[in-house]
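*Asks:* Compact mmCIF, C-alpha atoms and all ligand atoms, saved as model05.txt, coming up:
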```
# COMPACT_ATOMS: atom_id res chain seq x y z
CA MET A 594 0.00 0.00 0.00
CA ILE A 595 2.85 2.41 0.73
CA SER A 596 5.83 1.75 -1.43
CA ASN A 597 8.76 4.05 -1.87
CA LYS A 598 11.63 3.71 -4.21
CA ASN A 599 15.04 5.32 -3.86
CA VAL A 600 13.74 8.17 -1.77
CA SER A 601 16.33 10.75 -0.78
CA LYS A 602 16.14 14.00 1.08
CA VAL A 603 18.90 16.55 0.86
CA TYR A 604 18.86 19.75 2.89
CA LYS A 605 20.90 22.61 1.49
CA MET A 606 22.51 24.81 4.13
CA GLY A 607 24.30 27.47 2.11
CA GLU A 608 27.12 25.65 0.34
CA LEU A 609 26.64 22.56 2.45
CA GLU A 610 24.46 19.65 1.35
CA LEU A 611 23.13 17.42 4.07
CA ASP A 612 22.04 13.92 2.93
CA VAL A 613 19.43 13.28 5.57
CA ILE A 614 17.70 10.33 3.89
CA LYS A 615 19.67 8.11 1.53
CA ASN A 616 17.95 5.82 -0.97
CA LEU A 617 15.10 4.65 1.17
CA ASN A 618 13.21 1.63 -0.16
CA LEU A 619 10.29 0.48 1.91
CA GLU A 620 7.08 -1.48 1.47
CA ILE A 621 4.38 -1.02 4.08
CA ARG A 622 1.16 -3.01 4.19
CA TYR A 623 -2.27 -2.11 5.55
CA GLY A 624 -2.70 -2.73 9.24
CA GLU A 625 0.97 -2.83 10.17
CA PHE A 626 2.04 -1.40 13.55
CA ILE A 627 5.56 -0.18 12.85
CA ALA A 628 8.17 1.40 15.10
CA ILE A 629 10.93 3.37 13.40
CA VAL A 630 13.81 3.56 15.85
CA GLY A 631 17.30 5.02 15.74
CA PRO A 632 19.46 7.66 17.36
CA SER A 633 18.39 11.27 17.54
CA GLY A 634 19.13 12.94 14.18
CA SER A 635 19.01 9.66 12.23
CA GLY A 636 16.10 10.91 10.11
CA LYS A 637 13.03 9.35 11.76
CA SER A 638 10.92 12.51 11.70
CA THR A 639 12.00 13.26 8.14
CA VAL A 640 10.86 9.79 7.01
CA LEU A 641 7.50 10.30 8.72
CA ASN A 642 7.06 13.71 7.14
CA LEU A 643 7.94 12.37 3.68
CA LEU A 644 5.67 9.32 3.86
CA GLY A 645 2.99 11.44 5.52
CA CYS A 646 3.01 13.97 2.68
CA LEU A 647 4.04 16.88 4.91
CA ASP A 648 7.30 17.19 2.98
CA LYS A 649 8.56 16.25 -0.47
CA PRO A 650 11.64 14.16 -1.20
CA THR A 651 14.57 15.51 -3.22
CA ARG A 652 14.57 12.34 -5.32
CA GLY A 653 12.55 9.17 -5.61
CA GLN A 654 8.99 7.98 -5.73
CA ILE A 655 6.42 7.54 -2.95
CA LEU A 656 3.37 5.51 -3.88
CA ILE A 657 0.42 5.43 -1.53
CA ASP A 658 -2.04 2.95 -2.98
CA GLU A 659 -1.71 3.80 -6.66
CA THR A 660 -0.95 7.49 -6.23
CA ASP A 661 2.57 8.84 -6.67
CA VAL A 662 2.31 11.60 -4.07
CA THR A 663 5.58 13.21 -5.18
CA LYS A 664 3.79 14.23 -8.40
CA LEU A 665 0.95 16.07 -6.64
CA ASP A 666 0.94 19.87 -6.38
CA THR A 667 0.52 21.52 -2.98
CA THR A 668 -3.29 21.66 -3.06
CA ALA A 669 -3.71 18.11 -4.32
CA LEU A 670 -1.22 16.92 -1.72
CA ALA A 671 -3.11 18.67 1.08
CA ASN A 672 -6.37 17.07 -0.09
CA PHE A 673 -4.75 13.66 -0.35
CA ARG A 674 -3.30 14.04 3.13
CA GLY A 675 -6.65 15.16 4.52
CA GLU A 676 -8.42 12.10 3.19
CA ASN A 677 -5.84 9.40 3.81
CA ILE A 678 -3.46 10.36 6.57
CA GLY A 679 -3.58 11.21 10.26
CA PHE A 680 -0.77 12.70 12.35
CA ILE A 681 -0.03 12.52 16.08
CA PHE A 682 2.77 14.64 17.51
CA GLN A 683 4.91 14.59 20.63
CA SER A 684 3.52 17.93 21.82
CA PHE A 685 -0.09 17.08 20.89
CA ASN A 686 -0.53 20.23 18.71
CA LEU A 687 -4.14 20.86 19.69
CA ILE A 688 -5.68 24.22 18.84
CA PRO A 689 -5.97 26.08 22.18
CA VAL A 690 -9.04 28.17 21.30
CA LEU A 691 -11.07 25.15 20.21
CA SER A 692 -12.86 22.77 22.56
CA VAL A 693 -12.11 19.05 22.63
CA TYR A 694 -15.10 18.45 20.36
CA GLU A 695 -14.04 21.18 17.94
CA ASN A 696 -10.43 19.99 17.82
CA ILE A 697 -11.61 16.56 16.73
CA GLU A 698 -14.05 18.10 14.24
CA TYR A 699 -11.36 20.29 12.68
CA PRO A 700 -9.88 17.84 10.09
CA LEU A 701 -13.37 17.12 8.79
CA ILE A 702 -13.44 20.63 7.33
CA MET A 703 -11.09 19.24 4.67
CA ILE A 704 -13.56 16.56 3.73
CA GLN A 705 -16.32 17.88 1.52
CA ASN A 706 -19.76 16.36 1.22
CA LEU A 707 -19.95 14.80 4.66
CA PRO A 708 -23.39 15.63 6.07
CA GLN A 709 -23.51 17.32 9.48
CA ALA A 710 -25.25 14.37 11.13
CA GLN A 711 -22.51 12.00 10.02
CA ARG A 712 -19.80 14.40 11.19
CA HIS A 713 -21.39 14.54 14.61
CA GLU A 714 -21.76 10.76 14.73
CA ARG A 715 -18.08 10.20 13.90
CA ILE A 716 -16.88 12.71 16.49
CA MET A 717 -19.08 11.20 19.20
CA LYS A 718 -17.91 7.68 18.35
CA LEU A 719 -14.28 8.73 18.65
CA LEU A 720 -14.88 10.68 21.85
CA LYS A 721 -16.21 7.42 23.28
CA GLU A 722 -13.36 5.39 21.80
CA VAL A 723 -10.72 7.55 23.52
CA ASP A 724 -12.85 7.89 26.66
CA MET A 725 -13.19 11.68 26.49
CA LEU A 726 -16.95 12.02 26.05
CA ASP A 727 -17.45 13.77 29.40
CA GLN A 728 -14.63 16.23 28.58
CA LYS A 729 -15.88 17.31 25.18
CA GLU A 730 -16.65 20.93 26.12
CA LYS A 731 -13.28 21.49 27.80
CA PHE A 732 -10.32 23.31 26.26
CA PRO A 733 -6.83 21.81 25.85
CA ASP A 734 -5.30 23.78 28.76
CA GLN A 735 -7.87 22.20 31.09
CA LEU A 736 -6.63 18.68 30.26
CA SER A 737 -3.75 16.48 31.39
CA GLY A 738 -1.06 15.38 28.92
CA GLY A 739 -2.61 11.96 28.52
CA GLN A 740 -6.04 13.45 27.89
CA ARG A 741 -4.60 15.84 25.31
CA GLN A 742 -2.92 13.00 23.49
CA ARG A 743 -6.19 11.06 23.50
CA VAL A 744 -7.88 14.03 21.85
CA ALA A 745 -5.02 14.17 19.32
CA ILE A 746 -5.53 10.46 18.58
CA ALA A 747 -9.25 11.04 18.02
CA ARG A 748 -8.43 13.99 15.77
CA ALA A 749 -6.01 11.84 13.76
CA LEU A 750 -8.66 9.14 13.32
CA VAL A 751 -11.80 11.17 12.61
CA THR A 752 -11.27 11.17 8.85
CA ASN A 753 -10.96 7.35 8.85
CA PRO A 754 -7.39 7.57 7.54
CA LYS A 755 -5.65 4.55 6.10
CA ILE A 756 -2.41 5.50 7.80
CA VAL A 757 -1.57 7.25 11.05
CA PHE A 758 1.91 8.64 11.63
CA ALA A 759 2.92 9.28 15.22
CA ASP A 760 6.15 11.15 15.97
CA GLU A 761 7.31 10.32 19.54
CA PRO A 762 3.68 10.33 20.77
CA THR A 763 4.54 9.17 24.30
CA ALA A 764 7.66 11.30 24.85
CA ASN A 765 5.80 13.80 27.03
CA LEU A 766 3.75 11.23 28.97
CA ASP A 767 4.41 9.21 32.11
CA THR A 768 4.71 5.41 31.93
CA LYS A 769 1.17 4.59 32.98
CA THR A 770 -0.37 7.10 30.58
CA SER A 771 1.97 5.96 27.79
CA ASN A 772 0.81 2.38 28.27
CA GLN A 773 -2.84 3.46 28.08
CA ILE A 774 -2.19 5.42 24.88
CA ILE A 775 -0.30 2.51 23.28
CA THR A 776 -3.08 0.06 24.21
CA LEU A 777 -5.64 2.44 22.75
CA MET A 778 -3.78 2.69 19.44
CA ARG A 779 -3.23 -1.07 19.35
CA ASN A 780 -6.96 -1.64 19.86
CA ILE A 781 -7.81 0.81 17.09
CA GLN A 782 -5.37 -0.95 14.77
CA LYS A 783 -7.00 -4.30 15.51
CA GLU A 784 -10.54 -2.99 15.20
CA PHE A 785 -10.16 -0.89 12.03
CA ASN A 786 -7.00 -2.32 10.45
CA THR A 787 -5.50 1.19 10.60
CA THR A 788 -1.80 1.33 9.78
CA PHE A 789 0.31 2.96 12.50
CA ILE A 790 3.85 4.17 11.87
CA PHE A 791 5.76 5.51 14.87
CA ALA A 792 9.03 7.32 15.25
CA THR A 793 10.00 6.53 18.79
CA HIS A 794 12.56 5.93 21.50
CA ASP A 795 9.94 4.36 23.74
CA GLU A 796 10.65 0.68 24.51
CA LYS A 797 6.97 0.21 25.30
CA ILE A 798 6.00 1.11 21.73
CA VAL A 799 8.83 -1.01 20.33
CA THR A 800 7.56 -3.97 22.37
CA ALA A 801 4.01 -3.45 21.08
CA ALA A 802 5.11 -3.12 17.43
CA ASP A 803 4.92 -5.96 14.93
CA ARG A 804 7.66 -4.50 12.77
CA ILE A 805 10.78 -2.61 13.84
CA ILE A 806 12.76 -0.53 11.37
CA THR A 807 16.12 0.82 12.53
CA LEU A 808 17.45 3.96 10.93
CA VAL A 809 21.04 5.17 11.27
CA ASP A 810 22.32 8.24 9.41
CA GLY A 811 19.35 8.21 7.05
CA GLU A 812 19.69 4.55 6.07
CA ILE A 813 17.73 1.48 7.10
CA ILE A 814 20.17 -0.87 8.81
CA ASP A 815 17.55 -3.31 10.09
CA ASP A 816 13.91 -4.14 9.27
CA LYS A 817 12.35 -7.03 11.10
CA ARG A 818 8.89 -8.42 11.76
CA VAL A 819 8.31 -9.63 15.29
CA GLN A 820 5.60 -11.33 17.30
CA SER A 821 4.07 -8.76 19.60
P1 LIG B 901 15.22 12.28 14.14
O1 LIG B 901 13.75 12.48 14.07
O2 LIG B 901 15.64 10.86 13.93
O3 LIG B 901 15.81 12.85 15.37
P2 LIG B 901 15.28 14.22 11.97
O4 LIG B 901 14.55 13.61 10.84
O5 LIG B 901 14.57 15.25 12.76
O6 LIG B 901 15.88 13.07 12.90
O7 LIG B 901 16.62 14.91 11.42
C1 LIG B 901 17.57 14.24 10.62
C2 LIG B 901 18.68 15.19 10.25
O8 LIG B 901 18.18 16.20 9.38
C3 LIG B 901 19.31 15.90 11.43
O9 LIG B 901 20.68 15.97 11.20
C4 LIG B 901 18.67 17.27 11.38
O10 LIG B 901 19.54 18.23 11.92
C5 LIG B 901 18.46 17.47 9.88
N1 LIG B 901 17.32 18.35 9.57
C6 LIG B 901 16.03 18.11 9.88
N2 LIG B 901 15.24 19.08 9.40
C7 LIG B 901 16.04 19.96 8.76
C8 LIG B 901 15.84 21.19 8.03
N3 LIG B 901 14.61 21.70 7.87
N4 LIG B 901 16.93 21.80 7.52
C9 LIG B 901 18.15 21.27 7.66
N5 LIG B 901 18.43 20.13 8.31
C10 LIG B 901 17.39 19.48 8.86
MG MG B 902 12.39 13.29 15.43
```
Output the file's structure in the form of structure tokens.
*Replies:*
Amino acid sequence: MISNKNVSKVYKMGELELDVIKNLNLEIRYGEFIAIVGPSGSGKSTVLNLLGCLDKPTRGQILIDETDVTKLDTTALANFRGENIGFIFQSFNLIPVLSVYENIEYPLIMIQNLPQAQRHERIMKLLKEVDMLDQKEKFPDQLSGGQRQRVAIARALVTNPKIVFADEPTANLDTKTSNQIITLMRNIQKEFNTTFIFATHDEKIVTAADRIITLVDGEIIDDKRVQS
């Protein structure tokens, strides 16, 4: 479903060229729960941003289903991302002036032709799924870190994306809360066959993953499937 061929990313810093991702070749199937691990600066976030259509590679091809997303212009890419991809970040990235309900509703603005009743139904279902129904009128600064990340998970899932990218989603959470968040994502993966791709240092996520990809200096040095 996601297949990328010879993907490279070069950052130009004045005269200097930084090869951040070197010839990445990767096949990812629906429903996989993947941890991308590696030292800080190895390119994990860059890989997520490239596969998640937040950034474009310098060279190479990224196919998501049949679409070569590197060929899409900015508007088409934003639409594609809105319909197919969800993102979860380390620092939650909720919109402070919107309520919990409105934060989850926000990505649906991108999706045309979804009747109001169906929007409401989806948001309510996800509020239940992440156990935040009784907090739906609150604002992000009234929530704990774990609650904020649960809202962010609901927001990432409300468009029924095929793929969810999560960049260090538990880095700002304590162990107990991290475990709850990981269990929640695992359950969602099992229930909806959603693909999850993590960049992480968290052993708890690595243990839960069914595939572990190790990145060093922008290259895959290990890619293994494991029983989780
Ligand atoms: P990780 O997530 O594994 O810590 P990143 O993908 O954030 O790694 O970064 C990989 C490398 O790319 C690092 O050396 C970082 O400094 C560099 N880098 C990331 N973003 C930029 C940018 N916008 N401009 C220049 N260099 C960047
Ligand atoms: Mg990173």
*Asks:* Pick out the residues no farther than 10 Å from ligand MG 902 (chain B), counting only C-alpha atoms and all ligand atoms, and list them as a short mmCIF file (atom, residue, chain, number, x, y, z; two decimals) with C-alpha atoms, keeping the file's coordinate frame.
*Replies:*
```
data_model
loop_
_atom_site.label_atom_id
_atom_site.label_comp_id
_atom_site.auth_asym_id
_atom_site.auth_seq_id
_atom_site.Cartn_x
_atom_site.Cartn_y
_atom_site.Cartn_z
CA VAL A 630 13.81 3.56 15.85
CA GLY A 631 17.30 5.02 15.74
CA PRO A 632 19.46 7.66 17.36
CA SER A 633 18.39 11.27 17.54
CA GLY A 634 19.13 12.94 14.18
CA SER A 635 19.01 9.66 12.23
CA GLY A 636 16.10 10.91 10.11
CA LYS A 637 13.03 9.35 11.76
CA SER A 638 10.92 12.51 11.70
CA THR A 639 12.00 13.26 8.14
CA VAL A 640 10.86 9.79 7.01
CA LEU A 641 7.50 10.30 8.72
CA ASN A 642 7.06 13.71 7.14
CA PHE A 682 2.77 14.64 17.51
CA GLN A 683 4.91 14.59 20.63
CA ASP A 760 6.15 11.15 15.97
CA GLU A 761 7.31 10.32 19.54
CA ALA A 792 9.03 7.32 15.25
CA THR A 793 10.00 6.53 18.79
CA HIS A 794 12.56 5.93 21.50
#
```
*Asks:* Write out as a ChimeraX atom specification each polymer residue whose atoms come within 12 Å of Ser737 (chain A), counting all atoms listed in the file; drop sequence neighbours fewer than 6 positions from it.
*Replies:* /A:685,725,728,731,743-744,765-767,770
*Asks:* One decimal, Å: what's the distance from CA of Asp612 (chain A) over to CA of Val600 (chain A), could you say?
*Replies:* 11.1 Å
*Asks:* Let me have the centre and edge lengths in Å, one decimal, of the box along x, y and z around every listed atom of region 738-757 of chain A with 6 Å of margin on each side, as JSON.
*Replies:*
```
{"center_x": -6.4, "center_y": 10.2, "center_z": 17.5, "size_x": 22.7, "size_y": 23.3, "size_z": 34.8}
```
*Asks:* As a VMD selection string, please: the residues near Tyr699 (chain A) (cut-off 10 Å, only C-alpha atoms, same-chain neighbours under 3 positions excluded).
*Replies:* chain A and resid 688 691 694 to 696 702 to 704 748 751 to 752
*Asks:* Generate the output file for the selected residues, C-alpha atoms, as a CSV table (one decimal), keeping the file's coordinate frame.
*Replies:*
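So the final result, stored in out34.csv, reads:
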```
chain,number,residue,atom,x,y,z
A,688,ILE,CA,-5.7,24.2,18.8
A,691,LEU,CA,-11.1,25.2,20.2
A,694,TYR,CA,-15.1,18.4,20.4
A,695,GLU,CA,-14.0,21.2,17.9
A,696,ASN,CA,-10.4,20.0,17.8
A,702,ILE,CA,-13.4,20.6,7.3
A,703,MET,CA,-11.1,19.2,4.7
A,704,ILE,CA,-13.6,16.6,3.7
A,748,ARG,CA,-8.4,14.0,15.8
A,751,VAL,CA,-11.8,11.2,12.6
A,752,THR,CA,-11.3,11.2,8.8
```
*Asks:* Closest to Gln782 (chain A) among A:Gly624, A:Gly739, A:Pro700, A:Gly653, using all atoms listed in the file?
*Replies:* A:Gly624
*Asks:* Pick the closest to Glu625 (chain A) from A:Ser771, A:Ile681, A:Asn706, A:Arg804: which is it, counting only C-alpha atoms?
*Replies:*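 Residue with the minimum atom-to-atom distance to Glu625 (chain A): A:Arg804.
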*Asks:* Can you tell me how far CA of Leu647 (chain A) sits from CA of Ser596 (chain A), in Å to one decimal?
*Replies:* 16.5 Å
*Asks:* In Å, rounded to a single decimal, give me how far CA of Val799 (chain A) is from CA of Ile746 (chain A).
*Replies:* 18.5 Å
*Asks:* So which one's closest to ligand LIG 901 (chain B), A:Lys817, A:Lys649, A:Lys598, A:Arg622? Using only C-alpha atoms and all ligand atoms, please.
*Replies:*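 Closest to ligand LIG 901 (chain B) of all the choices is A:Lys649.
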*Asks:* Between A:Val757, A:Ile629, A:Met717, A:Ile657, which has the minimum distance to Asp816 (chain A) (counting only C-alpha atoms)?
*Replies:* A:Ile629
*Asks:* Considering all atoms listed in the file, state which residue in the set A:Leu643, A:Met778, A:Ile790, A:Met606 is at the smallest distance from ligand LIG 901 (chain B).
*Replies:*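 Checking each of A:Leu643, A:Met778, A:Ile790, A:Met606 against ligand LIG 901 (chain B), counting all atoms listed in the file, the winner is A:Met606.
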*Asks:* Measuring between all atoms listed in the file, which one of A:Ser692, A:Asp734, A:Val603, A:Asn597 shows the shortest distance to ligand LIG 901 (chain B)?
*Replies:*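 Residue with the minimum atom-to-atom distance to ligand LIG 901 (chain B): A:Val603.
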